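First the structure, in the form of structure tokens, and then the observations on it.
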Protein chains: 2
Amino acid sequence: MATIKEVADRAGVSVGTVSHVVTGSVPVSEILRQRVEDAIRTLDYHPNYVARSLKTSRTHTLGIIVPDMTISFYPQIIRGAETGARGKGYSLIAVNSLESPERQSELLSILRSQQVEGLLVVLAESGGSGRQMERLESAGIPVVCVDRVPERASVDSVSVEDVAAAEMGTDHLLAMGYRRIAMVTGPLALRNERRRLQGYEQSLRRAGLQPSEDLVWQGNLRCEDLASMCRDRLNDPENRPDALICTNGTTALGALRGMYQCGLRTPDDLGFVTFDELTVDDLFSPSITTVVQPAYDIGFRAAEILLNRIQNKGTRQAVTTLLLPATLKVRESSRRNLRRTRSAEVVPLRASS
Amino acid sequence: MATIKEVADRAGVSVGTVSHVVTGSVPVSEILRQRVEDAIRTLDYHPNYVARSLKTSRTHTLGIIVPDMTISFYPQIIRGAETGARGKGYSLIAVNSLESPERQSELLSILRSQQVEGLLVVLAESGGSGRQMERLESAGIPVVCVDRVPERASVDSVSVEDVAAAEMGTDHLLAMGYRRIAMVTGPLALRNERRRLQGYEQSLRRAGLQPSEDLVWQGNLRCEDLASMCRDRLNDPENRPDALICTNGTTALGALRGMYQCGLRTPDDLGFVTFDELTVDDLFSPSITTVVQPAYDIGFRAAEILLNRIQNKGTRQAVTTLLLPATLKVRESSRRNLRRTRSAEVVPLRASS
DNA sequence: CTGTTAGCGCCTTCAA
DNA sequence: TTGAAGGCGCTAACAG
């Protein structure tokens with residue numbers, strides 16, 4: 001790898017001059033610039049950002065931590081953030097925490113060592129990371145929390161209007177005539193989950209229905225666990241709800257599997273609404289009515305806020321809490337069931353994972 | 001951000017000693033190590049990797065370029081590579097080329113400047129990147145091509161046994177009784193596509209069938225274009241094939257959309273097999289018989305090879321070309337259609353995107 | 001075992 | 001407009 005010095009020698013100028021043409025910070029005579037550029041080309045010179053960063057103490061690099069970029073919601077966020085960052089000459093380092101707080105800390109530490117100028121983070125499931133975010137901030141590394149907002153820490157954040165979104169989904173089910181609507185949630189330790197629950201309850205109350213504990217099915221974020229929970233709950237035909245609303249893609253998949261294992265189908269046997277798209281296209285059935293979060297936008301806006309924070313490093317600014325609206329995509333799974341009889345045929349199954 | 005010097009001052013030792021305890025390269029007395037570790041903790045010190053890298057000229061960072069990590073195949077590769085890299089203390093910078101060769105060059109340049117020690121790359125669609133890979137290599141930056149292997153460049157690569165995989169899919173359709181099988185491909189400029197085509201033709205020939213040009217539908221990688229192409233082709237009931245095999249997820253989605261727009265369904269009207277999973281779960285229908293590529297493994301193995309290359313930097317080694325086998329997941333879309341009559345009902349539709 | 005010190009490659013005054 | 005030189009934070013000899 002050629003260095004600035006080699007370029008300078010080859011062009012017959014000083015390293016200073018080379019630096020000037022590379023950064024464009026100082027005007028250089030046409031003749032010398034030409035020589036320098038030739039040398040750069042023939043040597044295939046690429047400035048060493050490591051050295052540059054050490055000198056300027058700017059890396060033009062952002063970090064983003066997501067739980068698992070194998071889950072389609074996250075790559076979209078990353079892509080949005082990447083676009084926002086690139087627009088201002090920043091690169092993005094994306095890593096997966098796999099919902100592990102330990103790993104998250106480790107990644108945070110590595111990212112710090114890598115001197116990222118700012119951080120986008122979707123907190124790992126288990127809470128208590130609020131303090132970590134504050135530590136980062138006080139170390140001068142701006143953080144924007146994405147999707148999941150920590151309990152009481154005062155950090156910038158971009159997320160979705162969870163309450164309104166869940167209300168919207170529930171309202172829709174109610175409008176379609178469903179009355180016994182169960183909500184399937186992930187861990188209520190996550191604030192998002194609680195807010196979505198809140199929206200659900202609000203919607204029910206407004207419709208004159210009393211939320212019931214029996215109809216709040218709290219699970220974790222593992223599909224199989226969710227599936228078996230739902231299977232158990234659904235196997236009791238007496239108390240079976242007439243519709244399900246799920247707070248995220250993972251719970252939804254679990255719930256659907258559980259349903260299927262019981263021989264239940266949507267919309268035939270149960271209405272169904274979920275947060276987050278489950279498939280890439282409407283042509284797949286069951287086609288699921290979905291509360292869609294603007295993932296790309298979330299990432300993009302978060303990057304914007306972060307970059308802005310970095311730019312105005314010195315000045316104190318109020319905490320930004322950006323809430324983006326979700327949209328409802330109505331599909332078949334919430335179409336009111338007309339052939340009620342079918343559910344009578346259903347035979348409760350034994351657990352069979 | 002605290003520096004090594006501040007830690008040294010606070011612990012009352014020299015920077016050398018701090019460095020020794022941080023890197024563990026030189027033994028330090030228990031007493032001093034204790035003092036240093038305390039100082040590190042209270043100062044919340046994180047070694048500056050930028051400075052370290054400048055000194056050691058090692059960044060412990062790998063780059064990976066994929067077309068679009070919004071396509072589920074790629075995040076899996078990235079995750080695999082990330083795991084492989086982390087195992088050896090390496091970080092991974094993942095970026096999207098969006099199939100643009102210009103952007104790819106740009107990213108390559110940035111990654112070089114960032115001093116990545118090696119590169120994993122899924123080449124952008126339009127060819128001619130072979131030379132770029134060679135330039136990288138000759139600059140001392142090992143490259144492993146993933147999924148897409150350049151035409152004639154001699155680079156390490158990890159990909160799938162395309163010919164065998166396509167044969168497997170086609171054989172299966174033949175075994176199910178299909179005879180007029182069309183292959184829907186992306187750009188045949190991509191070697192993968194050509195090999196898959198080759199496997200398809202091989203399979204037909206072995207079954208005593210003559211491959212026909214009419215049944216090779218070449219498209220690009222944009223879903224809508226694919227859809228309209230397939231719509232056009234399928235609208236002619238005379239020459240309609242009885243099954244489709246698609247070379248990747250994008251073409252498959254396009255083909256399915258095209259089919260649906262014509263009122264055709266699988267497996268009722270057409271058998272269907274594709275490379276790459278279209279949905280996250282079998283519970284969605286049509287459930288598609290799929291040639292599954294071991295994406296995570298591809299990434300993991302590629303990282304292994306790359307790391308190995310980096311480790312043995314000096315020594316010349318033969319080019320590694322790793323071909324992983326795909327597996328066939330048989331589902332309903334390839335179940336031989338029994339109610340032939342239905343296709344007679346189909347009325348060719350006008351284009352209606 | 002511990003401390004000292006010379007750069008790593010680059011940018012940025014500063015002087016010419 | 002150009003060149004010279006200091007130093008960013010750290011590691012790796014090396015000397016003590």
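Letters A, B, ... mark the chains of the structure tokens in the order given; residue numbers begin at 1 per chain; ligand numbers begin at 1, in order shown.
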
For DT2 in chain C, work out the shell of residues within 9 Å, counting only C-alpha atoms (C1' of nucleotides) and skipping chain neighbours fewer than 4 positions away, then give it as a ChimeraX atom specification. /B:13-14,16-17,28 /D:16

Going by DSSP on the backbone, which residues of range 161-292 of chain A come out as strand (DSSP E)? List them as number ranges by chain. A: 181-185, 216-218, 243-246, 271-275, 289-292

Determine which residues of chain A sit within 10 Å of chain C, taking into account only C-alpha atoms (C1' of nucleotides), and present them as an MDAnalysis selection string. chainID A and resid 3:5 15:16 19:20 23 47:56

Residue list for chain D near chain A as a compact mmCIF listing (two decimals) with C-alpha atoms (C1' of nucleotides), in the first residue's frame, 7 Å, only C-alpha atoms (C1' of nucleotides):
```
# COMPACT_ATOMS: atom_id res chain seq x y z
C1' DT D 1 1.57 28.44 -3.57
C1' DT D 2 4.77 25.25 -1.43
C1' DG D 3 7.60 22.81 2.13
C1' DC D 8 -2.45 12.48 17.27
```

Using only C-alpha atoms, determine which residues of chain B fall within 9 Å of chain A; present them as an mmCIF file with N, CA and C atoms, in the first residue's frame.
```cif
data_model
loop_
_atom_site.group_PDB
_atom_site.id
_atom_site.type_symbol
_atom_site.label_atom_id
_atom_site.label_comp_id
_atom_site.auth_asym_id
_atom_site.auth_seq_id
_atom_site.Cartn_x
_atom_site.Cartn_y
_atom_site.Cartn_z
ATOM 1 N N MET B 1 -12.674 11.332 26.041
ATOM 2 C CA MET B 1 -12.163 9.948 26.016
ATOM 3 C C MET B 1 -10.766 9.882 26.628
ATOM 4 N N ALA B 2 -10.675 9.133 27.669
ATOM 5 C CA ALA B 2 -9.383 8.997 28.355
ATOM 6 C C ALA B 2 -8.335 8.357 27.440
ATOM 7 N N ASP B 44 -13.043 4.855 32.764
ATOM 8 C CA ASP B 44 -13.811 4.286 31.653
ATOM 9 C C ASP B 44 -12.977 4.334 30.373
ATOM 10 N N HIS B 46 -11.080 3.233 27.103
ATOM 11 C CA HIS B 46 -11.163 2.288 25.992
ATOM 12 C C HIS B 46 -10.004 2.560 25.056
ATOM 13 N N PRO B 47 -9.132 1.581 24.879
ATOM 14 C CA PRO B 47 -7.966 1.830 24.025
ATOM 15 C C PRO B 47 -8.385 2.325 22.649
ATOM 16 N N ASN B 48 -7.659 3.233 22.120
ATOM 17 C CA ASN B 48 -7.959 3.793 20.808
ATOM 18 C C ASN B 48 -7.403 2.876 19.722
ATOM 19 N N TYR B 49 -8.312 2.126 19.103
ATOM 20 C CA TYR B 49 -7.867 1.180 18.081
ATOM 21 C C TYR B 49 -7.246 1.886 16.885
ATOM 22 N N VAL B 50 -7.681 3.098 16.654
ATOM 23 C CA VAL B 50 -7.139 3.821 15.512
ATOM 24 C C VAL B 50 -5.637 4.002 15.695
ATOM 25 N N ALA B 51 -5.283 4.444 16.874
ATOM 26 C CA ALA B 51 -3.860 4.634 17.153
ATOM 27 C C ALA B 51 -3.126 3.297 17.145
ATOM 28 N N SER B 53 -3.883 0.657 15.546
ATOM 29 C CA SER B 53 -3.752 0.160 14.182
ATOM 30 C C SER B 53 -2.642 0.873 13.439
ATOM 31 N N LEU B 54 -2.551 2.142 13.680
ATOM 32 C CA LEU B 54 -1.516 2.895 12.981
ATOM 33 C C LEU B 54 -0.145 2.328 13.330
ATOM 34 N N THR B 59 -5.754 -3.860 11.530
ATOM 35 C CA THR B 59 -7.016 -3.281 11.997
ATOM 36 C C THR B 59 -7.976 -4.323 12.558
ATOM 37 N N ASP B 68 -27.552 -6.154 -1.538
ATOM 38 C CA ASP B 68 -28.649 -5.503 -0.824
ATOM 39 C C ASP B 68 -29.061 -6.346 0.359
ATOM 40 N N MET B 69 -28.725 -5.893 1.538
ATOM 41 C CA MET B 69 -28.967 -6.772 2.676
ATOM 42 C C MET B 69 -30.418 -6.773 3.118
ATOM 43 N N THR B 70 -31.238 -6.211 2.257
ATOM 44 C CA THR B 70 -32.666 -6.252 2.476
ATOM 45 C C THR B 70 -33.226 -7.543 1.881
ATOM 46 N N ILE B 71 -32.405 -8.204 1.090
ATOM 47 C CA ILE B 71 -32.770 -9.496 0.517
ATOM 48 C C ILE B 71 -32.263 -10.577 1.444
ATOM 49 N N SER B 72 -33.174 -11.439 1.898
ATOM 50 C CA SER B 72 -32.890 -12.267 3.074
ATOM 51 C C SER B 72 -31.694 -13.194 2.931
ATOM 52 N N PHE B 73 -31.315 -13.503 1.725
ATOM 53 C CA PHE B 73 -30.158 -14.358 1.505
ATOM 54 C C PHE B 73 -28.892 -13.715 2.083
ATOM 55 N N TYR B 74 -28.748 -12.445 1.931
ATOM 56 C CA TYR B 74 -27.501 -11.779 2.299
ATOM 57 C C TYR B 74 -27.267 -11.577 3.791
ATOM 58 N N PRO B 75 -28.267 -11.156 4.533
ATOM 59 C CA PRO B 75 -28.013 -11.043 5.971
ATOM 60 C C PRO B 75 -27.539 -12.364 6.562
ATOM 61 N N GLN B 76 -28.016 -13.450 6.024
ATOM 62 C CA GLN B 76 -27.579 -14.749 6.537
ATOM 63 C C GLN B 76 -26.091 -14.953 6.266
ATOM 64 N N ILE B 78 -23.941 -12.597 5.893
ATOM 65 C CA ILE B 78 -23.230 -11.663 6.755
ATOM 66 C C ILE B 78 -23.116 -12.211 8.174
ATOM 67 N N ARG B 79 -24.231 -12.744 8.658
ATOM 68 C CA ARG B 79 -24.213 -13.312 10.000
ATOM 69 C C ARG B 79 -23.189 -14.446 10.107
ATOM 70 N N GLU B 82 -19.815 -12.867 10.073
ATOM 71 C CA GLU B 82 -19.584 -12.158 11.329
ATOM 72 C C GLU B 82 -19.158 -13.137 12.417
ATOM 73 N N SER B 91 -13.618 -7.766 13.377
ATOM 74 C CA SER B 91 -14.911 -7.126 13.160
ATOM 75 C C SER B 91 -15.212 -7.113 11.673
ATOM 76 N N LEU B 92 -16.463 -6.844 11.377
ATOM 77 C CA LEU B 92 -16.916 -6.897 9.995
ATOM 78 C C LEU B 92 -17.637 -5.603 9.655
ATOM 79 N N ILE B 93 -17.252 -4.995 8.560
ATOM 80 C CA ILE B 93 -17.996 -3.842 8.068
ATOM 81 C C ILE B 93 -18.801 -4.276 6.858
ATOM 82 N N ALA B 94 -20.116 -4.209 6.967
ATOM 83 C CA ALA B 94 -20.983 -4.667 5.879
ATOM 84 C C ALA B 94 -21.595 -3.486 5.147
ATOM 85 N N VAL B 95 -21.513 -3.508 3.829
ATOM 86 C CA VAL B 95 -22.077 -2.420 3.024
ATOM 87 C C VAL B 95 -22.832 -2.960 1.815
ATOM 88 N N ASN B 96 -23.704 -2.141 1.276
ATOM 89 C CA ASN B 96 -24.551 -2.534 0.144
ATOM 90 C C ASN B 96 -24.120 -1.856 -1.151
ATOM 91 N N SER B 109 -12.964 1.286 -2.509
ATOM 92 C CA SER B 109 -11.968 2.314 -2.220
ATOM 93 C C SER B 109 -12.039 2.765 -0.762
ATOM 94 N N ILE B 110 -13.252 2.998 -0.299
ATOM 95 C CA ILE B 110 -13.430 3.406 1.094
ATOM 96 C C ILE B 110 -12.919 2.327 2.029
ATOM 97 N N ARG B 112 -10.758 0.068 1.480
ATOM 98 C CA ARG B 112 -9.297 0.041 1.440
ATOM 99 C C ARG B 112 -8.728 1.126 2.320
ATOM 100 N N SER B 113 -9.285 2.307 2.172
ATOM 101 C CA SER B 113 -8.802 3.417 2.987
ATOM 102 C C SER B 113 -9.007 3.139 4.465
ATOM 103 N N GLN B 114 -10.065 2.399 4.757
ATOM 104 C CA GLN B 114 -10.308 2.055 6.155
ATOM 105 C C GLN B 114 -9.377 0.953 6.614
ATOM 106 N N GLN B 115 -8.557 0.476 5.703
ATOM 107 C CA GLN B 115 -7.534 -0.509 6.024
ATOM 108 C C GLN B 115 -8.080 -1.846 6.468
ATOM 109 N N ARG B 135 -6.561 -6.431 -8.572
ATOM 110 C CA ARG B 135 -5.846 -5.247 -8.089
ATOM 111 C C ARG B 135 -5.742 -5.273 -6.572
ATOM 112 N N ALA B 139 -2.482 -5.571 -4.171
ATOM 113 C CA ALA B 139 -2.196 -4.549 -3.170
ATOM 114 C C ALA B 139 -2.044 -5.196 -1.806
ATOM 115 N N GLY B 140 -2.146 -6.518 -1.785
ATOM 116 C CA GLY B 140 -1.949 -7.228 -0.523
ATOM 117 C C GLY B 140 -3.209 -7.370 0.308
ATOM 118 N N LEU B 253 -40.194 -14.428 -7.272
ATOM 119 C CA LEU B 253 -41.272 -13.541 -6.843
ATOM 120 C C LEU B 253 -41.911 -12.897 -8.064
ATOM 121 N N LEU B 256 -44.007 -15.499 -9.855
ATOM 122 C CA LEU B 256 -45.259 -15.774 -9.149
ATOM 123 C C LEU B 256 -46.260 -14.649 -9.373
ATOM 124 N N ARG B 257 -45.762 -13.434 -9.287
ATOM 125 C CA ARG B 257 -46.671 -12.309 -9.509
ATOM 126 C C ARG B 257 -47.254 -12.371 -10.905
ATOM 127 N N TYR B 260 -49.886 -15.025 -11.038
ATOM 128 C CA TYR B 260 -51.106 -14.639 -10.344
ATOM 129 C C TYR B 260 -51.906 -13.637 -11.154
ATOM 130 N N LEU B 278 -38.626 -18.158 -0.134
ATOM 131 C CA LEU B 278 -39.427 -16.965 -0.359
ATOM 132 C C LEU B 278 -40.124 -16.498 0.912
ATOM 133 N N THR B 279 -40.443 -17.437 1.777
ATOM 134 C CA THR B 279 -41.143 -17.052 3.001
ATOM 135 C C THR B 279 -40.392 -17.611 4.196
ATOM 136 N N VAL B 280 -40.765 -17.133 5.364
ATOM 137 C CA VAL B 280 -40.073 -17.540 6.566
ATOM 138 C C VAL B 280 -40.632 -18.818 7.162
ATOM 139 N N ASP B 281 -41.738 -19.285 6.605
ATOM 140 C CA ASP B 281 -42.343 -20.444 7.248
ATOM 141 C C ASP B 281 -43.203 -21.222 6.285
ATOM 142 N N LEU B 283 -45.943 -22.407 6.768
ATOM 143 C CA LEU B 283 -47.387 -22.287 6.909
ATOM 144 C C LEU B 283 -48.006 -21.394 5.854
ATOM 145 N N PHE B 284 -47.169 -20.681 5.116
ATOM 146 C CA PHE B 284 -47.725 -19.836 4.073
ATOM 147 C C PHE B 284 -47.894 -20.622 2.786
ATOM 148 N N SER B 285 -48.970 -20.322 2.091
ATOM 149 C CA SER B 285 -49.170 -21.011 0.835
ATOM 150 C C SER B 285 -49.304 -20.003 -0.298
ATOM 151 N N PRO B 286 -48.936 -20.258 -1.488
ATOM 152 C CA PRO B 286 -48.441 -21.552 -1.909
ATOM 153 C C PRO B 286 -47.121 -21.862 -1.223
ATOM 154 N N SER B 287 -46.994 -23.083 -0.774
ATOM 155 C CA SER B 287 -45.727 -23.452 -0.162
ATOM 156 C C SER B 287 -44.849 -23.980 -1.293
#
```

Do you have the CA of Ile64 in chain B-CA of Leu98 in chain B distance handy?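 Taking CA of Ile64 in chain B as the start and CA of Leu98 in chain B as the end point, the length is 13.2 Å.
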
Range 312-323 of chain B environment, 6 Å, only C-alpha atoms (C1' of nucleotides), sequence neighbours closer than 2 positions dropped, as a PDB file with N, CA and C atoms, in the first residue's frame:
```pdb
ATOM      1  N   ASP B 156     -10.044 -16.542  -4.588  1.00  0.00           N
ATOM      2  CA  ASP B 156     -10.720 -17.510  -3.735  1.00  0.00           C
ATOM      3  C   ASP B 156     -12.218 -17.267  -3.848  1.00  0.00           C
ATOM      4  N   SER B 157     -12.977 -18.319  -3.698  1.00  0.00           N
ATOM      5  CA  SER B 157     -14.417 -18.117  -3.768  1.00  0.00           C
ATOM      6  C   SER B 157     -15.168 -19.202  -3.024  1.00  0.00           C
ATOM      7  N   VAL B 158     -16.340 -18.828  -2.565  1.00  0.00           N
ATOM      8  CA  VAL B 158     -17.247 -19.778  -1.944  1.00  0.00           C
ATOM      9  C   VAL B 158     -18.602 -19.584  -2.591  1.00  0.00           C
ATOM     10  N   SER B 159     -19.118 -20.639  -3.152  1.00  0.00           N
ATOM     11  CA  SER B 159     -20.436 -20.522  -3.758  1.00  0.00           C
ATOM     12  C   SER B 159     -21.104 -21.881  -3.731  1.00  0.00           C
ATOM     13  N   VAL B 160     -22.212 -21.945  -4.400  1.00  0.00           N
ATOM     14  CA  VAL B 160     -22.986 -23.162  -4.348  1.00  0.00           C
ATOM     15  C   VAL B 160     -22.782 -23.958  -5.634  1.00  0.00           C
ATOM     16  N   GLU B 161     -22.926 -25.229  -5.558  1.00  0.00           N
ATOM     17  CA  GLU B 161     -22.831 -26.079  -6.750  1.00  0.00           C
ATOM     18  C   GLU B 161     -24.034 -25.823  -7.637  1.00  0.00           C
ATOM     19  N   ARG B 309      -6.106 -16.836   4.802  1.00  0.00           N
ATOM     20  CA  ARG B 309      -5.289 -16.085   3.848  1.00  0.00           C
ATOM     21  C   ARG B 309      -4.519 -14.960   4.552  1.00  0.00           C
ATOM     22  N   ILE B 310      -5.222 -14.291   5.401  1.00  0.00           N
ATOM     23  CA  ILE B 310      -4.600 -13.164   6.102  1.00  0.00           C
ATOM     24  C   ILE B 310      -3.476 -13.654   7.004  1.00  0.00           C
TER      25      ILE B 310
END
```

Leaving out range 268-274 of chain B and any residue of its chain fewer than 3 positions from it, which residues lie within 10 Å of it when counting only C-alpha atoms (C1' of nucleotides), given as number ranges by chain? B: 166, 169-170, 172-173, 176-178, 180-184, 240-253, 255-256, 259, 263-265, 277-278, 286-292, 328-344, 346

Residues from last step as file, C-alpha atoms, as a PDB file, in the first residue's frame:
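Result written to result_31.pdb:
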```pdb
ATOM      1  CA  ALA B 166     -30.406 -26.710 -10.732  1.00  0.00           C
ATOM      2  CA  GLY B 169     -34.575 -29.022  -8.891  1.00  0.00           C
ATOM      3  CA  THR B 170     -35.291 -29.938 -12.475  1.00  0.00           C
ATOM      4  CA  HIS B 172     -37.480 -33.312  -9.142  1.00  0.00           C
ATOM      5  CA  LEU B 173     -39.984 -31.633 -11.435  1.00  0.00           C
ATOM      6  CA  MET B 176     -43.162 -35.419 -10.533  1.00  0.00           C
ATOM      7  CA  GLY B 177     -44.259 -35.839 -14.091  1.00  0.00           C
ATOM      8  CA  TYR B 178     -43.778 -32.373 -15.479  1.00  0.00           C
ATOM      9  CA  ARG B 180     -42.698 -28.714 -20.348  1.00  0.00           C
ATOM     10  CA  ILE B 181     -40.517 -27.002 -17.790  1.00  0.00           C
ATOM     11  CA  ALA B 182     -39.508 -23.390 -18.311  1.00  0.00           C
ATOM     12  CA  MET B 183     -36.567 -21.838 -16.538  1.00  0.00           C
ATOM     13  CA  VAL B 184     -36.876 -18.226 -15.408  1.00  0.00           C
ATOM     14  CA  ARG B 240     -47.650 -22.546 -21.832  1.00  0.00           C
ATOM     15  CA  PRO B 241     -45.223 -24.724 -19.866  1.00  0.00           C
ATOM     16  CA  ASP B 242     -46.491 -27.045 -17.179  1.00  0.00           C
ATOM     17  CA  ALA B 243     -43.861 -25.999 -14.667  1.00  0.00           C
ATOM     18  CA  LEU B 244     -41.447 -23.170 -13.839  1.00  0.00           C
ATOM     19  CA  ILE B 245     -38.069 -23.284 -12.196  1.00  0.00           C
ATOM     20  CA  CYS B 246     -36.605 -19.958 -11.078  1.00  0.00           C
ATOM     21  CA  THR B 247     -32.941 -19.291 -10.489  1.00  0.00           C
ATOM     22  CA  ASN B 248     -33.308 -17.008  -7.513  1.00  0.00           C
ATOM     23  CA  GLY B 249     -35.706 -15.402  -5.098  1.00  0.00           C
ATOM     24  CA  THR B 250     -36.213 -12.233  -7.057  1.00  0.00           C
ATOM     25  CA  THR B 251     -37.060 -13.976 -10.302  1.00  0.00           C
ATOM     26  CA  ALA B 252     -39.301 -16.337  -8.387  1.00  0.00           C
ATOM     27  CA  LEU B 253     -41.272 -13.541  -6.843  1.00  0.00           C
ATOM     28  CA  ALA B 255     -42.682 -15.112 -11.829  1.00  0.00           C
ATOM     29  CA  LEU B 256     -45.259 -15.774  -9.149  1.00  0.00           C
ATOM     30  CA  MET B 259     -48.642 -16.059 -12.793  1.00  0.00           C
ATOM     31  CA  GLY B 263     -55.027 -16.062 -12.810  1.00  0.00           C
ATOM     32  CA  LEU B 264     -52.707 -19.054 -12.702  1.00  0.00           C
ATOM     33  CA  ARG B 265     -51.865 -20.839  -9.489  1.00  0.00           C
ATOM     34  CA  GLU B 277     -36.610 -19.374   0.336  1.00  0.00           C
ATOM     35  CA  LEU B 278     -39.427 -16.965  -0.359  1.00  0.00           C
ATOM     36  CA  PRO B 286     -48.441 -21.552  -1.909  1.00  0.00           C
ATOM     37  CA  SER B 287     -45.727 -23.452  -0.162  1.00  0.00           C
ATOM     38  CA  ILE B 288     -42.911 -23.480  -2.626  1.00  0.00           C
ATOM     39  CA  THR B 289     -40.502 -26.292  -3.330  1.00  0.00           C
ATOM     40  CA  THR B 290     -37.126 -24.718  -2.923  1.00  0.00           C
ATOM     41  CA  VAL B 291     -33.485 -25.257  -3.690  1.00  0.00           C
ATOM     42  CA  VAL B 292     -31.994 -23.929  -0.482  1.00  0.00           C
ATOM     43  CA  LEU B 328     -33.988 -29.453  -1.970  1.00  0.00           C
ATOM     44  CA  LYS B 329     -36.983 -28.710   0.192  1.00  0.00           C
ATOM     45  CA  VAL B 330     -39.920 -30.388  -1.406  1.00  0.00           C
ATOM     46  CA  ARG B 331     -43.191 -28.661  -0.768  1.00  0.00           C
ATOM     47  CA  GLU B 332     -46.559 -28.403  -2.407  1.00  0.00           C
ATOM     48  CA  SER B 333     -45.774 -26.283  -5.415  1.00  0.00           C
ATOM     49  CA  SER B 334     -44.213 -29.235  -7.175  1.00  0.00           C
ATOM     50  CA  ARG B 335     -46.980 -31.661  -6.413  1.00  0.00           C
ATOM     51  CA  ARG B 336     -48.262 -32.843  -9.734  1.00  0.00           C
ATOM     52  CA  ASN B 337     -51.436 -31.137 -10.715  1.00  0.00           C
ATOM     53  CA  LEU B 338     -54.372 -33.489 -10.935  1.00  0.00           C
ATOM     54  CA  ARG B 339     -57.243 -31.217 -11.839  1.00  0.00           C
ATOM     55  CA  ARG B 340     -56.076 -30.328 -15.299  1.00  0.00           C
ATOM     56  CA  THR B 341     -59.396 -28.827 -16.285  1.00  0.00           C
ATOM     57  CA  ARG B 342     -58.916 -25.778 -14.173  1.00  0.00           C
ATOM     58  CA  SER B 343     -56.396 -24.286 -16.539  1.00  0.00           C
ATOM     59  CA  ALA B 344     -58.995 -24.344 -19.265  1.00  0.00           C
ATOM     60  CA  VAL B 346     -58.195 -19.392 -17.241  1.00  0.00           C
TER      61      VAL B 346
END
```

Taken to one decimal, the C1' of DA12 in chain D-CA of Val7 in chain A distance is 27.8 Å

Just give me the gap between CA of Asn192 in chain B and CA of Arg233 in chain B in Å, one decimal is fine. 23.4 Å

Would you kindly return, as a PyMOL selection string, each protein, DNA or RNA residue with an atom no farther than 10 Å from any atom of Glu37 in chain B, considering only C-alpha atoms (C1' of nucleotides) and excluding same-chain residues fewer than 2 positions away? chain B and resi 7+11+18+21-22+32-35+39-43+45

DSSP on the backbone: which residues in range 181-294 of chain B end up as alpha helix (DSSP H)? Give the answer as a PyMOL selection string. chain B and resi 191-206+223-234+249-261

Print the selection's residues with C-alpha atoms to a file, as a compact mmCIF listing (two decimals), in the first residue's frame.
```
# COMPACT_ATOMS: atom_id res chain seq x y z
CA ARG B 191 -22.18 -16.88 -14.23
CA ASN B 192 -24.41 -18.37 -11.55
CA GLU B 193 -27.39 -17.94 -13.78
CA ARG B 194 -25.64 -19.60 -16.66
CA ARG B 195 -24.63 -22.54 -14.55
CA ARG B 196 -28.10 -22.99 -13.24
CA LEU B 197 -29.35 -22.89 -16.78
CA GLN B 198 -26.76 -25.49 -17.63
CA GLY B 199 -27.91 -27.78 -14.84
CA TYR B 200 -31.46 -27.41 -16.03
CA GLU B 201 -30.57 -28.32 -19.59
CA GLN B 202 -28.46 -31.21 -18.46
CA SER B 203 -31.32 -32.60 -16.46
CA LEU B 204 -33.71 -32.31 -19.37
CA ARG B 205 -31.33 -34.03 -21.73
CA ARG B 206 -30.72 -36.84 -19.36
CA CYS B 223 -39.37 -8.00 -9.81
CA GLU B 224 -41.81 -5.95 -11.85
CA ASP B 225 -39.95 -6.59 -15.06
CA LEU B 226 -39.89 -10.27 -14.36
CA ALA B 227 -43.57 -10.24 -13.55
CA SER B 228 -44.55 -8.62 -16.80
CA MET B 229 -42.28 -10.89 -18.79
CA CYS B 230 -43.84 -13.95 -17.24
CA ARG B 231 -47.31 -12.56 -17.68
CA ASP B 232 -46.68 -12.15 -21.38
CA ARG B 233 -45.24 -15.59 -21.77
CA LEU B 234 -47.95 -17.29 -19.78
CA GLY B 249 -35.71 -15.40 -5.10
CA THR B 250 -36.21 -12.23 -7.06
CA THR B 251 -37.06 -13.98 -10.30
CA ALA B 252 -39.30 -16.34 -8.39
CA LEU B 253 -41.27 -13.54 -6.84
CA GLY B 254 -41.58 -11.88 -10.22
CA ALA B 255 -42.68 -15.11 -11.83
CA LEU B 256 -45.26 -15.77 -9.15
CA ARG B 257 -46.67 -12.31 -9.51
CA GLY B 258 -46.85 -12.76 -13.24
CA MET B 259 -48.64 -16.06 -12.79
CA TYR B 260 -51.11 -14.64 -10.34
CA GLN B 261 -51.86 -11.76 -12.63
```
